Amino acid sequence: MKKITLMGCPNVGKSVVFSRLTGVNVISSNYPGTTVDFIKGTTFIGGEKFELIDVPGTYSLEPTSKAEAVAQTMLHEGDIVITVVDATHLERNLYLTLEILETKKPAVIALNLWDETRHLGIEIDVAKLERVLGVPIVPTCAICGTGIKELASAVGDAHPSKTLKQMSEEERWLKVGEIIQDVQVVHHRHHTMWERLADTTVRPTTGIPLAILVILLMFLFIIEVGNVLIYYLMDPLFYAYYGPLIVGAVNSFVSSGLLHDLLVGTSTIESLDFEQSLGLLTTGLYVPFGVVLPFVITFYFMLSILEDTGYLPRLAVLVDTGLHKLGLHGSAIVPTILGCGCNVPGALATRILETEKQRFIAMTLMAIAIPCMAQSAMIFAILGRYGMKWILIVYSTLLVLYISLGLLLKRIVKGESPELLLEVPPYRKPDPRTLLKKTWSKAYGFLAEAVPFVILGIFIVNLLSVSGMIDILSRIFSPILTTVLGLPEGAIVALILGILRKDIAIGMLLPLGMTPQQLTISCIILTTYFPCIAAFVVLFRELGSLAMLKAVGLMAVVSLSVGIIMRVIVIGI
Amino acid sequence: MVEKQLSDMKTGEKTNTDRGPVLLTTLLPGERAKIVALGAGSGRQRHFRTMGLKEGKIVEIRATQPARGPLVIDVEGTLIAIGRGMARQILIQKI
């Protein structure tokens, strides 16, 4: 099977072209660096099966970040290249295009965003450009689907450039200038009122209050709409329909004993208990579907709006100065926000940062102080019943941790923290269908990951409890948990499960009958002490063993000290 | 020649004259200027050019962040956020 690679500058729409050609939905957004790793799919062109590879965007074949380095390697893997060019920024895109064509790979060019050139006053002579570059060129609008069929059939005609030869960097720039002179006419146009208005979101005096408002509204939306979904949809579903049905079914099959308890725990039809019964079919499904899913849906819906409008790069500009104090720069806001959904994509997104120092700091801070949405959902659910105050204590503690650890790491980690250099794409109106599709694919991804692990977690708890291991472990760890941290010794179960998944781990706190103070401390410790297994694997791969060892050491120290400090503050000595 | 101009700029001498080349950081919001030279190393220069920050291009400051934060500049229709240290490597002539 021949391989086709999709190459191009950041944010030109490679992932949209990929989705169009393969029918596979890959995540695309309106900011440079959405794709940080290559993604493979297959497509049929003229009856032949091809492997299509979506590659992270890069401005040139000399990489400046890890994501760009991936792009460079992938170019050589492919048999055919589709170079995706932003027609509204032809000049900038031509340098990379020339570099790619000089490698003499068979190539086709997709002149994307073609529909936008007209109202921007840009005229491009496609036939002439085709002659100069010596490969087929197809104007496309990937978002609306125009030109995609033509692009696919042009792949059959892909051939190495007949006109270009290897050039030096200087010659290449001269060539770019020459081509632009030849094929492009730009009619001068003034900034529109909308563009001027959009500037208010990057000017500090107006932009910072707006950013605070946006984040606050998002936070409120996620919690409030999430709660509405639980209260009016999930709880009625579970308590009125699913619960009686499943408990009845299990009872008619086994009415008591080990298997019965494993499946539905202590739940009976008269008193359904989805939170503490610890059955595979009760708590095991209620936690992912009934508690976490509603918040995952509201979170990813909001995130998709942020991503697709193009607001994220503007937020990056506003927080740049602050993040520099933590050894990062503005772009680090993207992995941080993604990490609030799940630390796994968050850690991968740190590839848009240029240096190892930045990546280490960003990943370590995330692993310690950024709870994923599954964890947050459980914190909302469990602490929320004692009032907003306790939730705020948890999140303010994490924020203070994030900042103080960042200040520290900036000083002790060796390496460079370069400045921000980031393209800020124009605002786009998000497409409602795309928003829903993205939200659905994230929610589905969450369920596929969470349900098996939560069920496994509950199985382990049952195993520990039946075998009596819980008592042994509780006794061993009781000096630290009870004496030092002021928690019940049973909290060890939550700490063990937290290595597997954080949501069910927090759920394990409920049967312990803790005070809100103890719950608050436990939530903070569960967030900071260790990443869940999925995040751990990715962090290990991204950081390497030595850096991971340092990060894990830091987690242990930080978690224990914060636990002790919080104990003194909220419980007393 | 460019290096000489740039080192003059760095010493802070004659920064805001109307005629000669000045640092991009001296440009005020709303003012327009033409890029005349890039003073960075070759890798950084390439990065600048591939993002559209090239000699001969017209730039305009759209926003500046406080406390020596980044500038947001408009280069022929593209917005680019650039740290101040990097912006000092771009030499411009006001128009």
# chains A, B, ... in the order shown; residues from 1 in each chain; ligands from 1
>>> interface_residues(of="chain B", to="chain A", cutoff="7 Å", atoms="only C-alpha atoms", output="list of chain:residue names")
B:Thr50, B:Met51, B:Gly52, B:Arg62, B:Ala63, B:Thr64, B:Gln65, B:Gly69, B:Pro70, B:Leu79, B:Ile80, B:Ala81, B:Ile82, B:Gly83
>>> select_by_dssp(residues="chain B", states="helix (DSSP H, G or I)", output="list in words")
Val2, Glu3, Lys4, Gln5, Leu6, Ser7, Asp8, Met9, Lys10, Leu24, Thr25, Thr26, Ser42, Gly43, Arg44, Gln45, Arg46, His47, Phe48, Arg49, Thr50, Arg84, Gly85, Met86 and Ala87 of chain B
>>> atom_distance(atom1="atom CA of Leu113 of chain A", atom2="atom CA of Ala127 of chain A")
17.4 Å
>>> select_by_dssp(residues="chain B", states="strand (DSSP E or B)", output="number ranges by chain")
B: 22-23, 32-38, 58-64, 71-75, 78-82, 90-94
>>> residues_around(residues="Gly457 of chain A", least_positions_apart="5", cutoff="9 Å", atoms="only C-alpha atoms", output="ChimeraX atom specification")
/A:284,452,462,497,500-501,504-505
